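Structure file data_4.tsv (TSV, N, CA and C atoms) follows.
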```tsv
chain	number	residue	atom	x	y	z
A	1	MET	N	16.08	-22.45	-3.64
A	1	MET	CA	15.95	-21.12	-3.11
A	1	MET	C	15.26	-21.21	-1.75
A	2	ALA	N	15.81	-20.61	-0.76
A	2	ALA	CA	15.27	-20.64	0.59
A	2	ALA	C	14.16	-19.60	0.73
A	3	THR	N	13.20	-19.90	1.58
A	3	THR	CA	12.13	-18.95	1.86
A	3	THR	C	12.07	-18.70	3.35
A	4	ASP	N	11.36	-17.68	3.72
A	4	ASP	CA	11.19	-17.35	5.13
A	4	ASP	C	10.00	-18.09	5.74
A	5	ALA	N	9.27	-18.82	4.92
A	5	ALA	CA	8.07	-19.50	5.41
A	5	ALA	C	8.46	-20.72	6.24
A	6	PRO	N	7.72	-20.93	7.32
A	6	PRO	CA	7.99	-22.13	8.14
A	6	PRO	C	7.50	-23.37	7.41
A	7	PRO	N	7.97	-24.54	7.81
A	7	PRO	CA	7.49	-25.76	7.16
A	7	PRO	C	6.00	-25.94	7.43
A	8	PRO	N	5.32	-26.67	6.56
A	8	PRO	CA	3.88	-26.86	6.76
A	8	PRO	C	3.58	-27.53	8.09
A	9	SER	N	2.51	-27.13	8.69
A	9	SER	CA	2.08	-27.68	9.97
A	9	SER	C	1.47	-29.06	9.76
A	10	LYS	N	1.65	-29.94	10.73
A	10	LYS	CA	1.10	-31.30	10.67
A	10	LYS	C	-0.35	-31.34	11.16
A	11	GLU	N	-0.79	-30.28	11.84
A	11	GLU	CA	-2.14	-30.28	12.40
A	11	GLU	C	-3.18	-30.08	11.29
A	12	GLN	N	-4.34	-30.67	11.50
A	12	GLN	CA	-5.44	-30.57	10.54
A	12	GLN	C	-6.19	-29.25	10.76
A	13	HIS	N	-6.52	-28.60	9.67
A	13	HIS	CA	-7.30	-27.36	9.74
A	13	HIS	C	-8.72	-27.65	9.31
A	14	LYS	N	-9.65	-26.91	9.88
A	14	LYS	CA	-11.05	-27.04	9.50
A	14	LYS	C	-11.23	-26.48	8.10
A	15	LEU	N	-11.88	-27.23	7.24
A	15	LEU	CA	-12.14	-26.74	5.89
A	15	LEU	C	-13.37	-25.84	5.91
A	16	PRO	N	-13.25	-24.65	5.33
A	16	PRO	CA	-14.39	-23.73	5.30
A	16	PRO	C	-15.51	-24.26	4.40
A	17	SER	N	-16.71	-23.91	4.74
A	17	SER	CA	-17.87	-24.30	3.93
A	17	SER	C	-17.99	-23.35	2.73
A	18	PRO	N	-18.77	-23.74	1.73
A	18	PRO	CA	-19.00	-22.84	0.59
A	18	PRO	C	-19.59	-21.50	1.02
A	19	GLU	N	-20.44	-21.51	2.04
A	19	GLU	CA	-21.02	-20.27	2.53
A	19	GLU	C	-19.95	-19.36	3.13
A	20	GLU	N	-19.00	-19.97	3.86
A	20	GLU	CA	-17.91	-19.18	4.43
A	20	GLU	C	-17.03	-18.59	3.34
A	21	PHE	N	-16.77	-19.36	2.28
A	21	PHE	CA	-16.00	-18.84	1.15
A	21	PHE	C	-16.72	-17.64	0.53
A	22	THR	N	-18.02	-17.78	0.33
A	22	THR	CA	-18.79	-16.69	-0.25
A	22	THR	C	-18.76	-15.46	0.64
A	23	GLU	N	-18.90	-15.67	1.94
A	23	GLU	CA	-18.87	-14.56	2.90
A	23	GLU	C	-17.53	-13.84	2.84
A	24	VAL	N	-16.43	-14.59	2.80
A	24	VAL	CA	-15.10	-13.98	2.74
A	24	VAL	C	-14.91	-13.27	1.41
A	25	HIS	N	-15.36	-13.88	0.33
A	25	HIS	CA	-15.22	-13.29	-1.00
A	25	HIS	C	-15.92	-11.93	-1.08
A	26	GLU	N	-17.03	-11.80	-0.38
A	26	GLU	CA	-17.79	-10.55	-0.40
A	26	GLU	C	-17.36	-9.57	0.68
A	27	SER	N	-16.40	-9.94	1.51
A	27	SER	CA	-15.98	-9.07	2.61
A	27	SER	C	-15.12	-7.90	2.12
A	28	ALA	N	-15.11	-6.85	2.91
A	28	ALA	CA	-14.30	-5.68	2.60
A	28	ALA	C	-12.81	-6.02	2.64
A	29	GLU	N	-12.44	-6.90	3.55
A	29	GLU	CA	-11.03	-7.30	3.68
A	29	GLU	C	-10.52	-7.97	2.41
A	30	PHE	N	-11.33	-8.85	1.83
A	30	PHE	CA	-10.95	-9.53	0.59
A	30	PHE	C	-10.95	-8.54	-0.57
A	31	GLY	N	-11.91	-7.63	-0.58
A	31	GLY	CA	-11.94	-6.59	-1.61
A	31	GLY	C	-10.70	-5.72	-1.56
A	32	GLU	N	-10.24	-5.42	-0.37
A	32	GLU	CA	-9.02	-4.63	-0.21
A	32	GLU	C	-7.80	-5.41	-0.74
A	33	LEU	N	-7.75	-6.70	-0.47
A	33	LEU	CA	-6.67	-7.54	-0.99
A	33	LEU	C	-6.67	-7.55	-2.51
A	34	ARG	N	-7.86	-7.70	-3.10
A	34	ARG	CA	-7.97	-7.68	-4.57
A	34	ARG	C	-7.54	-6.34	-5.14
A	35	ARG	N	-7.96	-5.24	-4.51
A	35	ARG	CA	-7.57	-3.91	-4.99
A	35	ARG	C	-6.06	-3.71	-4.89
A	36	ALA	N	-5.46	-4.18	-3.81
A	36	ALA	CA	-4.01	-4.04	-3.65
A	36	ALA	C	-3.27	-4.80	-4.75
A	37	TYR	N	-3.77	-5.98	-5.10
A	37	TYR	CA	-3.16	-6.76	-6.18
A	37	TYR	C	-3.37	-6.08	-7.53
A	38	ARG	N	-4.61	-5.73	-7.82
A	38	ARG	CA	-4.92	-5.15	-9.13
A	38	ARG	C	-4.26	-3.80	-9.35
A	39	SER	N	-4.19	-2.98	-8.31
A	39	SER	CA	-3.59	-1.66	-8.48
A	39	SER	C	-2.09	-1.75	-8.78
A	40	PHE	N	-1.49	-2.86	-8.46
A	40	PHE	CA	-0.08	-3.07	-8.78
A	40	PHE	C	0.07	-3.83	-10.09
A	41	ALA	N	-0.61	-4.94	-10.23
A	41	ALA	CA	-0.38	-5.84	-11.36
A	41	ALA	C	-0.89	-5.29	-12.69
A	42	PHE	N	-2.08	-4.72	-12.72
A	42	PHE	CA	-2.64	-4.28	-13.99
A	42	PHE	C	-1.84	-3.16	-14.65
A	43	PRO	N	-1.51	-2.08	-13.93
A	43	PRO	CA	-0.71	-1.03	-14.60
A	43	PRO	C	0.66	-1.52	-15.07
A	44	LEU	N	1.31	-2.36	-14.27
A	44	LEU	CA	2.61	-2.87	-14.70
A	44	LEU	C	2.48	-3.78	-15.91
A	45	THR	N	1.44	-4.58	-15.95
A	45	THR	CA	1.22	-5.46	-17.10
A	45	THR	C	0.98	-4.64	-18.36
A	46	VAL	N	0.11	-3.65	-18.28
A	46	VAL	CA	-0.17	-2.80	-19.44
A	46	VAL	C	1.10	-2.06	-19.87
A	47	GLY	N	1.84	-1.53	-18.91
A	47	GLY	CA	3.08	-0.83	-19.23
A	47	GLY	C	4.11	-1.72	-19.89
A	48	PHE	N	4.26	-2.94	-19.38
A	48	PHE	CA	5.25	-3.83	-19.96
A	48	PHE	C	4.84	-4.28	-21.36
A	49	ILE	N	3.56	-4.56	-21.56
A	49	ILE	CA	3.10	-4.95	-22.90
A	49	ILE	C	3.32	-3.81	-23.89
A	50	ALA	N	3.03	-2.58	-23.47
A	50	ALA	CA	3.27	-1.43	-24.35
A	50	ALA	C	4.76	-1.30	-24.67
A	51	TRP	N	5.62	-1.48	-23.69
A	51	TRP	CA	7.06	-1.41	-23.88
A	51	TRP	C	7.52	-2.50	-24.84
A	52	TYR	N	6.99	-3.71	-24.68
A	52	TYR	CA	7.34	-4.82	-25.56
A	52	TYR	C	6.87	-4.55	-26.99
A	53	LEU	N	5.63	-4.08	-27.14
A	53	LEU	CA	5.12	-3.79	-28.48
A	53	LEU	C	5.89	-2.65	-29.15
A	54	LEU	N	6.31	-1.67	-28.37
A	54	LEU	CA	7.15	-0.60	-28.91
A	54	LEU	C	8.43	-1.19	-29.49
A	55	TYR	N	9.04	-2.11	-28.77
A	55	TYR	CA	10.26	-2.76	-29.25
A	55	TYR	C	10.00	-3.52	-30.56
A	56	VAL	N	8.91	-4.26	-30.61
A	56	VAL	CA	8.57	-5.02	-31.82
A	56	VAL	C	8.30	-4.07	-32.99
A	57	LEU	N	7.53	-3.02	-32.74
A	57	LEU	CA	7.23	-2.07	-33.82
A	57	LEU	C	8.48	-1.35	-34.31
A	58	LEU	N	9.33	-0.94	-33.40
A	58	LEU	CA	10.58	-0.31	-33.81
A	58	LEU	C	11.44	-1.28	-34.61
A	59	SER	N	11.46	-2.54	-34.22
A	59	SER	CA	12.24	-3.54	-34.94
A	59	SER	C	11.72	-3.72	-36.36
A	60	ASN	N	10.39	-3.64	-36.52
A	60	ASN	CA	9.80	-3.85	-37.85
A	60	ASN	C	9.84	-2.61	-38.73
A	61	TYR	N	9.60	-1.45	-38.15
A	61	TYR	CA	9.39	-0.25	-38.97
A	61	TYR	C	10.47	0.83	-38.83
A	62	ALA	N	11.38	0.67	-37.92
A	62	ALA	CA	12.43	1.69	-37.74
A	62	ALA	C	13.79	1.02	-37.78
A	63	GLY	N	14.04	0.29	-38.87
A	63	GLY	CA	15.29	-0.45	-39.01
A	63	GLY	C	16.52	0.44	-38.94
A	64	GLY	N	16.43	1.63	-39.52
A	64	GLY	CA	17.56	2.55	-39.47
A	64	GLY	C	17.89	2.97	-38.05
A	65	PHE	N	16.85	3.29	-37.28
A	65	PHE	CA	17.05	3.68	-35.89
A	65	PHE	C	17.59	2.52	-35.06
A	66	MET	N	16.98	1.36	-35.22
A	66	MET	CA	17.39	0.20	-34.43
A	66	MET	C	18.80	-0.27	-34.80
A	67	GLY	N	19.19	-0.03	-36.02
A	67	GLY	CA	20.52	-0.45	-36.47
A	67	GLY	C	21.62	0.55	-36.17
A	68	ALA	N	21.24	1.70	-35.62
A	68	ALA	CA	22.25	2.73	-35.33
A	68	ALA	C	23.24	2.22	-34.29
A	69	LYS	N	24.50	2.34	-34.61
A	69	LYS	CA	25.56	1.88	-33.69
A	69	LYS	C	25.72	2.89	-32.56
A	70	LEU	N	25.81	2.35	-31.36
A	70	LEU	CA	26.02	3.19	-30.19
A	70	LEU	C	27.50	3.24	-29.82
A	71	PHE	N	28.12	2.07	-29.77
A	71	PHE	CA	29.56	1.96	-29.54
A	71	PHE	C	29.99	0.58	-29.98
A	72	GLY	N	31.10	0.50	-30.70
A	72	GLY	CA	31.59	-0.78	-31.21
A	72	GLY	C	30.53	-1.43	-32.08
A	73	ASN	N	30.26	-2.70	-31.82
A	73	ASN	CA	29.22	-3.42	-32.56
A	73	ASN	C	27.88	-3.44	-31.83
A	74	ILE	N	27.73	-2.60	-30.85
A	74	ILE	CA	26.49	-2.53	-30.07
A	74	ILE	C	25.57	-1.48	-30.70
A	75	ASN	N	24.36	-1.94	-31.08
A	75	ASN	CA	23.40	-1.01	-31.67
A	75	ASN	C	22.19	-0.81	-30.76
A	76	VAL	N	21.29	0.06	-31.17
A	76	VAL	CA	20.11	0.39	-30.38
A	76	VAL	C	19.25	-0.86	-30.16
A	77	ALA	N	19.07	-1.68	-31.18
A	77	ALA	CA	18.25	-2.89	-31.05
A	77	ALA	C	18.78	-3.81	-29.95
A	78	PHE	N	20.09	-3.99	-29.90
A	78	PHE	CA	20.68	-4.85	-28.88
A	78	PHE	C	20.43	-4.29	-27.48
A	79	VAL	N	20.64	-3.00	-27.32
A	79	VAL	CA	20.46	-2.37	-26.01
A	79	VAL	C	18.99	-2.47	-25.57
A	80	LEU	N	18.06	-2.19	-26.49
A	80	LEU	CA	16.64	-2.29	-26.12
A	80	LEU	C	16.24	-3.74	-25.88
A	81	GLY	N	16.82	-4.68	-26.60
A	81	GLY	CA	16.52	-6.10	-26.38
A	81	GLY	C	16.99	-6.56	-25.01
A	82	VAL	N	18.18	-6.16	-24.62
A	82	VAL	CA	18.69	-6.50	-23.29
A	82	VAL	C	17.84	-5.80	-22.22
A	83	ALA	N	17.39	-4.58	-22.52
A	83	ALA	CA	16.54	-3.85	-21.58
A	83	ALA	C	15.22	-4.58	-21.35
A	84	GLN	N	14.73	-5.34	-22.34
A	84	GLN	CA	13.52	-6.14	-22.16
A	84	GLN	C	13.73	-7.17	-21.05
A	85	PHE	N	14.87	-7.84	-21.07
A	85	PHE	CA	15.17	-8.84	-20.04
A	85	PHE	C	15.34	-8.17	-18.68
A	86	VAL	N	16.05	-7.08	-18.65
A	86	VAL	CA	16.27	-6.36	-17.39
A	86	VAL	C	14.93	-5.92	-16.81
A	87	THR	N	14.06	-5.39	-17.66
A	87	THR	CA	12.74	-4.94	-17.21
A	87	THR	C	11.94	-6.10	-16.63
A	88	THR	N	11.99	-7.25	-17.28
A	88	THR	CA	11.27	-8.43	-16.79
A	88	THR	C	11.72	-8.81	-15.39
A	89	PHE	N	13.03	-8.86	-15.18
A	89	PHE	CA	13.55	-9.23	-13.86
A	89	PHE	C	13.25	-8.16	-12.81
A	90	LEU	N	13.31	-6.89	-13.20
A	90	LEU	CA	12.98	-5.83	-12.25
A	90	LEU	C	11.52	-5.88	-11.82
A	91	ILE	N	10.63	-6.14	-12.77
A	91	ILE	CA	9.21	-6.23	-12.43
A	91	ILE	C	8.98	-7.42	-11.50
A	92	ALA	N	9.61	-8.55	-11.78
A	92	ALA	CA	9.44	-9.73	-10.92
A	92	ALA	C	9.95	-9.44	-9.51
A	93	TRP	N	11.10	-8.79	-9.41
A	93	TRP	CA	11.66	-8.43	-8.10
A	93	TRP	C	10.74	-7.46	-7.37
A	94	TRP	N	10.26	-6.44	-8.09
A	94	TRP	CA	9.39	-5.43	-7.50
A	94	TRP	C	8.08	-6.07	-7.02
A	95	TYR	N	7.52	-6.97	-7.84
A	95	TYR	CA	6.28	-7.64	-7.45
A	95	TYR	C	6.49	-8.50	-6.20
A	96	SER	N	7.61	-9.21	-6.12
A	96	SER	CA	7.84	-10.06	-4.94
A	96	SER	C	7.94	-9.20	-3.68
A	97	ARG	N	8.54	-8.03	-3.77
A	97	ARG	CA	8.60	-7.12	-2.62
A	97	ARG	C	7.21	-6.60	-2.26
A	98	HIS	N	6.44	-6.23	-3.29
A	98	HIS	CA	5.08	-5.74	-3.07
A	98	HIS	C	4.22	-6.82	-2.43
A	99	ALA	N	4.31	-8.04	-2.95
A	99	ALA	CA	3.50	-9.14	-2.42
A	99	ALA	C	3.88	-9.42	-0.97
A	100	ALA	N	5.16	-9.45	-0.68
A	100	ALA	CA	5.61	-9.74	0.69
A	100	ALA	C	5.16	-8.66	1.67
A	101	ALA	N	5.16	-7.42	1.22
A	101	ALA	CA	4.84	-6.31	2.11
A	101	ALA	C	3.34	-6.05	2.23
A	102	LYS	N	2.60	-6.17	1.12
A	102	LYS	CA	1.21	-5.75	1.12
A	102	LYS	C	0.20	-6.88	0.94
A	103	LEU	N	0.50	-7.86	0.10
A	103	LEU	CA	-0.49	-8.89	-0.21
A	103	LEU	C	-0.44	-10.06	0.76
A	104	ASP	N	0.74	-10.57	1.02
A	104	ASP	CA	0.87	-11.77	1.85
A	104	ASP	C	0.30	-11.59	3.26
A	105	PRO	N	0.57	-10.47	3.94
A	105	PRO	CA	-0.01	-10.33	5.29
A	105	PRO	C	-1.54	-10.33	5.27
A	106	LYS	N	-2.14	-9.66	4.28
A	106	LYS	CA	-3.61	-9.63	4.18
A	106	LYS	C	-4.15	-11.01	3.86
A	107	ALA	N	-3.51	-11.70	2.93
A	107	ALA	CA	-3.97	-13.05	2.56
A	107	ALA	C	-3.80	-14.01	3.73
A	108	GLU	N	-2.71	-13.89	4.46
A	108	GLU	CA	-2.48	-14.77	5.62
A	108	GLU	C	-3.52	-14.52	6.70
A	109	ALA	N	-3.90	-13.26	6.90
A	109	ALA	CA	-4.92	-12.95	7.91
A	109	ALA	C	-6.25	-13.57	7.52
A	110	ILE	N	-6.61	-13.49	6.25
A	110	ILE	CA	-7.86	-14.08	5.79
A	110	ILE	C	-7.80	-15.60	5.94
A	111	LYS	N	-6.69	-16.20	5.53
A	111	LYS	CA	-6.53	-17.66	5.62
A	111	LYS	C	-6.61	-18.13	7.07
A	112	THR	N	-5.92	-17.45	7.95
A	112	THR	CA	-5.91	-17.83	9.36
A	112	THR	C	-7.32	-17.73	9.94
A	113	ARG	N	-8.03	-16.65	9.60
A	113	ARG	CA	-9.38	-16.48	10.11
A	113	ARG	C	-10.30	-17.60	9.60
A	114	MET	N	-10.15	-17.97	8.33
A	114	MET	CA	-10.99	-19.03	7.77
A	114	MET	C	-10.67	-20.39	8.38
A	115	GLU	N	-9.39	-20.65	8.57
A	115	GLU	CA	-8.99	-21.97	9.11
A	115	GLU	C	-9.36	-22.10	10.59
A	116	SER	N	-9.41	-20.98	11.29
A	116	SER	CA	-9.76	-21.05	12.72
A	116	SER	C	-11.27	-21.11	12.93
A	117	GLY	N	-12.01	-20.82	11.86
A	117	GLY	CA	-13.46	-20.88	11.95
A	117	GLY	C	-14.08	-19.65	12.57
A	118	ALA	N	-13.30	-18.56	12.68
A	118	ALA	CA	-13.82	-17.34	13.30
A	118	ALA	C	-14.68	-16.55	12.36
```
Can you give me the file's structure in the form of structure tokens?
Amino acid sequence: MATDAPPPSKEQHKLPSPEEFTEVHESAEFGELRRAYRSFAFPLTVGFIAWYLLYVLLSNYAGGFMGAKLFGNINVAFVLGVAQFVTTFLIAWWYSRHAAAKLDPKAEAIKTRMESGA
């Protein structure tokens, strides 16, 4: 799979000191990056786990509903099972777009600032 990232640079970067790491970790910029990640990842994770558990509970306790035929040999359980896979891929796609638009630029700015020693 191709990426838009350039190949790694051959030049050596200055390694930040532990104090610099601590300073960046406590900075507002890093806090904003963490909030941007958490505000996206946590709700989607909770939502997907709830959706998955609903599927499991319906499979265990609502056999009549899950076995209901929708068309031909396709029943509710099959449709919801396939929807689990579709949901997984949609979340992964959505997260990659979110990361590219909101997280990566902030993380790159922090990384560049740390490597330049500013």
task: Please provide as a ChimeraX atom specification all residues within 6.5 Å of range 60-67 of chain A, with the sequence filter that same-chain residues fewer than 4 positions apart are discarded (counting all atoms listed in the file).
output: /A:55-56,75-78
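You will find atom N of Phe21 in chain A at 24.4 Å from CA of Ala100 in chain A.
If you look at atom C of Ala107 in chain A and CA of Thr22 in chain A, they are 15.7 Å away from each other.
Atom C of Ala92 in chain A lies 24.3 Å from atom C of Ile110 in chain A.
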- request: Write down as a ChimeraX atom specification the residues of chain A whose backbone DSSP state falls under helix (DSSP H, G or I).
  value: /A:18-25,28-61,63-66,76-116
task: Per DSSP on the backbone, filter range 64-116 of chain A down to the residues in strand (DSSP E or B) and report them as a ChimeraX atom specification.
output: /A:69-71,74-75
Can you fill out range 19-30 of chain A with all heavy atoms and hand it back as a PDB file, in the frame of the given file?
```pdb
ATOM      1  N   GLU A  19     -20.440 -21.510   2.040  1.00  0.00           N
ATOM      2  CA  GLU A  19     -21.020 -20.270   2.530  1.00  0.00           C
ATOM      3  C   GLU A  19     -19.950 -19.360   3.130  1.00  0.00           C
ATOM      4  O   GLU A  19     -19.992 -18.142   2.963  1.00  0.00           O
ATOM      5  CB  GLU A  19     -22.111 -20.555   3.583  1.00  0.00           C
ATOM      6  CG  GLU A  19     -23.338 -21.250   3.038  1.00  0.00           C
ATOM      7  CD  GLU A  19     -23.147 -22.751   2.868  1.00  0.00           C
ATOM      8  OE1 GLU A  19     -22.237 -23.343   3.495  1.00  0.00           O
ATOM      9  OE2 GLU A  19     -23.920 -23.341   2.090  1.00  0.00           O
ATOM     10  N   GLU A  20     -19.000 -19.970   3.860  1.00  0.00           N
ATOM     11  CA  GLU A  20     -17.910 -19.180   4.430  1.00  0.00           C
ATOM     12  C   GLU A  20     -17.030 -18.590   3.340  1.00  0.00           C
ATOM     13  O   GLU A  20     -16.576 -17.453   3.443  1.00  0.00           O
ATOM     14  CB  GLU A  20     -17.073 -20.044   5.380  1.00  0.00           C
ATOM     15  CG  GLU A  20     -17.810 -20.411   6.653  1.00  0.00           C
ATOM     16  CD  GLU A  20     -17.061 -21.439   7.485  1.00  0.00           C
ATOM     17  OE1 GLU A  20     -16.556 -22.425   6.910  1.00  0.00           O
ATOM     18  OE2 GLU A  20     -16.986 -21.241   8.712  1.00  0.00           O
ATOM     19  N   PHE A  21     -16.770 -19.360   2.280  1.00  0.00           N
ATOM     20  CA  PHE A  21     -16.000 -18.840   1.150  1.00  0.00           C
ATOM     21  C   PHE A  21     -16.720 -17.640   0.530  1.00  0.00           C
ATOM     22  O   PHE A  21     -16.098 -16.624   0.223  1.00  0.00           O
ATOM     23  CB  PHE A  21     -15.765 -19.914   0.083  1.00  0.00           C
ATOM     24  CG  PHE A  21     -14.552 -20.751   0.319  1.00  0.00           C
ATOM     25  CD1 PHE A  21     -14.669 -22.082   0.658  1.00  0.00           C
ATOM     26  CD2 PHE A  21     -13.278 -20.210   0.194  1.00  0.00           C
ATOM     27  CE1 PHE A  21     -13.549 -22.863   0.874  1.00  0.00           C
ATOM     28  CE2 PHE A  21     -12.161 -20.977   0.411  1.00  0.00           C
ATOM     29  CZ  PHE A  21     -12.286 -22.310   0.753  1.00  0.00           C
ATOM     30  N   THR A  22     -18.020 -17.780   0.330  1.00  0.00           N
ATOM     31  CA  THR A  22     -18.790 -16.690  -0.250  1.00  0.00           C
ATOM     32  C   THR A  22     -18.760 -15.460   0.640  1.00  0.00           C
ATOM     33  O   THR A  22     -18.592 -14.338   0.159  1.00  0.00           O
ATOM     34  CB  THR A  22     -20.252 -17.142  -0.486  1.00  0.00           C
ATOM     35  OG1 THR A  22     -20.247 -18.288  -1.333  1.00  0.00           O
ATOM     36  CG2 THR A  22     -21.079 -16.048  -1.130  1.00  0.00           C
ATOM     37  N   GLU A  23     -18.900 -15.670   1.940  1.00  0.00           N
ATOM     38  CA  GLU A  23     -18.870 -14.560   2.900  1.00  0.00           C
ATOM     39  C   GLU A  23     -17.530 -13.840   2.840  1.00  0.00           C
ATOM     40  O   GLU A  23     -17.472 -12.603   2.809  1.00  0.00           O
ATOM     41  CB  GLU A  23     -19.122 -15.095   4.303  1.00  0.00           C
ATOM     42  CG  GLU A  23     -19.120 -14.040   5.375  1.00  0.00           C
ATOM     43  CD  GLU A  23     -19.298 -14.647   6.763  1.00  0.00           C
ATOM     44  OE1 GLU A  23     -20.048 -15.630   6.884  1.00  0.00           O
ATOM     45  OE2 GLU A  23     -18.656 -14.135   7.700  1.00  0.00           O
ATOM     46  N   VAL A  24     -16.430 -14.590   2.800  1.00  0.00           N
ATOM     47  CA  VAL A  24     -15.100 -13.980   2.740  1.00  0.00           C
ATOM     48  C   VAL A  24     -14.910 -13.270   1.410  1.00  0.00           C
ATOM     49  O   VAL A  24     -14.374 -12.161   1.343  1.00  0.00           O
ATOM     50  CB  VAL A  24     -13.998 -15.036   2.972  1.00  0.00           C
ATOM     51  CG1 VAL A  24     -12.625 -14.482   2.624  1.00  0.00           C
ATOM     52  CG2 VAL A  24     -14.021 -15.494   4.412  1.00  0.00           C
ATOM     53  N   HIS A  25     -15.360 -13.880   0.330  1.00  0.00           N
ATOM     54  CA  HIS A  25     -15.220 -13.290  -1.000  1.00  0.00           C
ATOM     55  C   HIS A  25     -15.920 -11.930  -1.080  1.00  0.00           C
ATOM     56  O   HIS A  25     -15.458 -11.031  -1.763  1.00  0.00           O
ATOM     57  CB  HIS A  25     -15.777 -14.244  -2.049  1.00  0.00           C
ATOM     58  CG  HIS A  25     -15.573 -13.759  -3.445  1.00  0.00           C
ATOM     59  ND1 HIS A  25     -16.526 -13.050  -4.122  1.00  0.00           N
ATOM     60  CD2 HIS A  25     -14.524 -13.876  -4.287  1.00  0.00           C
ATOM     61  CE1 HIS A  25     -16.084 -12.750  -5.325  1.00  0.00           C
ATOM     62  NE2 HIS A  25     -14.868 -13.237  -5.455  1.00  0.00           N
ATOM     63  N   GLU A  26     -17.030 -11.800  -0.380  1.00  0.00           N
ATOM     64  CA  GLU A  26     -17.790 -10.550  -0.400  1.00  0.00           C
ATOM     65  C   GLU A  26     -17.360  -9.570   0.680  1.00  0.00           C
ATOM     66  O   GLU A  26     -17.879  -8.456   0.741  1.00  0.00           O
ATOM     67  CB  GLU A  26     -19.279 -10.874  -0.259  1.00  0.00           C
ATOM     68  CG  GLU A  26     -19.820 -11.632  -1.458  1.00  0.00           C
ATOM     69  CD  GLU A  26     -21.224 -12.153  -1.253  1.00  0.00           C
ATOM     70  OE1 GLU A  26     -21.753 -12.059  -0.117  1.00  0.00           O
ATOM     71  OE2 GLU A  26     -21.792 -12.675  -2.229  1.00  0.00           O
ATOM     72  N   SER A  27     -16.400  -9.940   1.510  1.00  0.00           N
ATOM     73  CA  SER A  27     -15.980  -9.070   2.610  1.00  0.00           C
ATOM     74  C   SER A  27     -15.120  -7.900   2.120  1.00  0.00           C
ATOM     75  O   SER A  27     -14.496  -7.957   1.065  1.00  0.00           O
ATOM     76  CB  SER A  27     -15.183  -9.877   3.648  1.00  0.00           C
ATOM     77  OG  SER A  27     -13.911 -10.216   3.139  1.00  0.00           O
ATOM     78  N   ALA A  28     -15.110  -6.850   2.910  1.00  0.00           N
ATOM     79  CA  ALA A  28     -14.300  -5.680   2.600  1.00  0.00           C
ATOM     80  C   ALA A  28     -12.810  -6.020   2.640  1.00  0.00           C
ATOM     81  O   ALA A  28     -12.023  -5.485   1.848  1.00  0.00           O
ATOM     82  CB  ALA A  28     -14.609  -4.557   3.584  1.00  0.00           C
ATOM     83  N   GLU A  29     -12.440  -6.900   3.550  1.00  0.00           N
ATOM     84  CA  GLU A  29     -11.030  -7.300   3.680  1.00  0.00           C
ATOM     85  C   GLU A  29     -10.520  -7.970   2.410  1.00  0.00           C
ATOM     86  O   GLU A  29      -9.426  -7.673   1.925  1.00  0.00           O
ATOM     87  CB  GLU A  29     -10.897  -8.245   4.869  1.00  0.00           C
ATOM     88  CG  GLU A  29      -9.482  -8.612   5.224  1.00  0.00           C
ATOM     89  CD  GLU A  29      -9.437  -9.555   6.421  1.00  0.00           C
ATOM     90  OE1 GLU A  29     -10.433 -10.235   6.722  1.00  0.00           O
ATOM     91  OE2 GLU A  29      -8.359  -9.606   7.048  1.00  0.00           O
ATOM     92  N   PHE A  30     -11.330  -8.850   1.830  1.00  0.00           N
ATOM     93  CA  PHE A  30     -10.950  -9.530   0.590  1.00  0.00           C
ATOM     94  C   PHE A  30     -10.950  -8.540  -0.570  1.00  0.00           C
ATOM     95  O   PHE A  30     -10.076  -8.593  -1.450  1.00  0.00           O
ATOM     96  CB  PHE A  30     -11.892 -10.697   0.300  1.00  0.00           C
ATOM     97  CG  PHE A  30     -11.445 -11.559  -0.835  1.00  0.00           C
ATOM     98  CD1 PHE A  30     -10.406 -12.460  -0.668  1.00  0.00           C
ATOM     99  CD2 PHE A  30     -12.054 -11.468  -2.076  1.00  0.00           C
ATOM    100  CE1 PHE A  30      -9.981 -13.254  -1.716  1.00  0.00           C
ATOM    101  CE2 PHE A  30     -11.646 -12.264  -3.124  1.00  0.00           C
ATOM    102  CZ  PHE A  30     -10.601 -13.154  -2.949  1.00  0.00           C
TER     103      PHE A  30
END
```
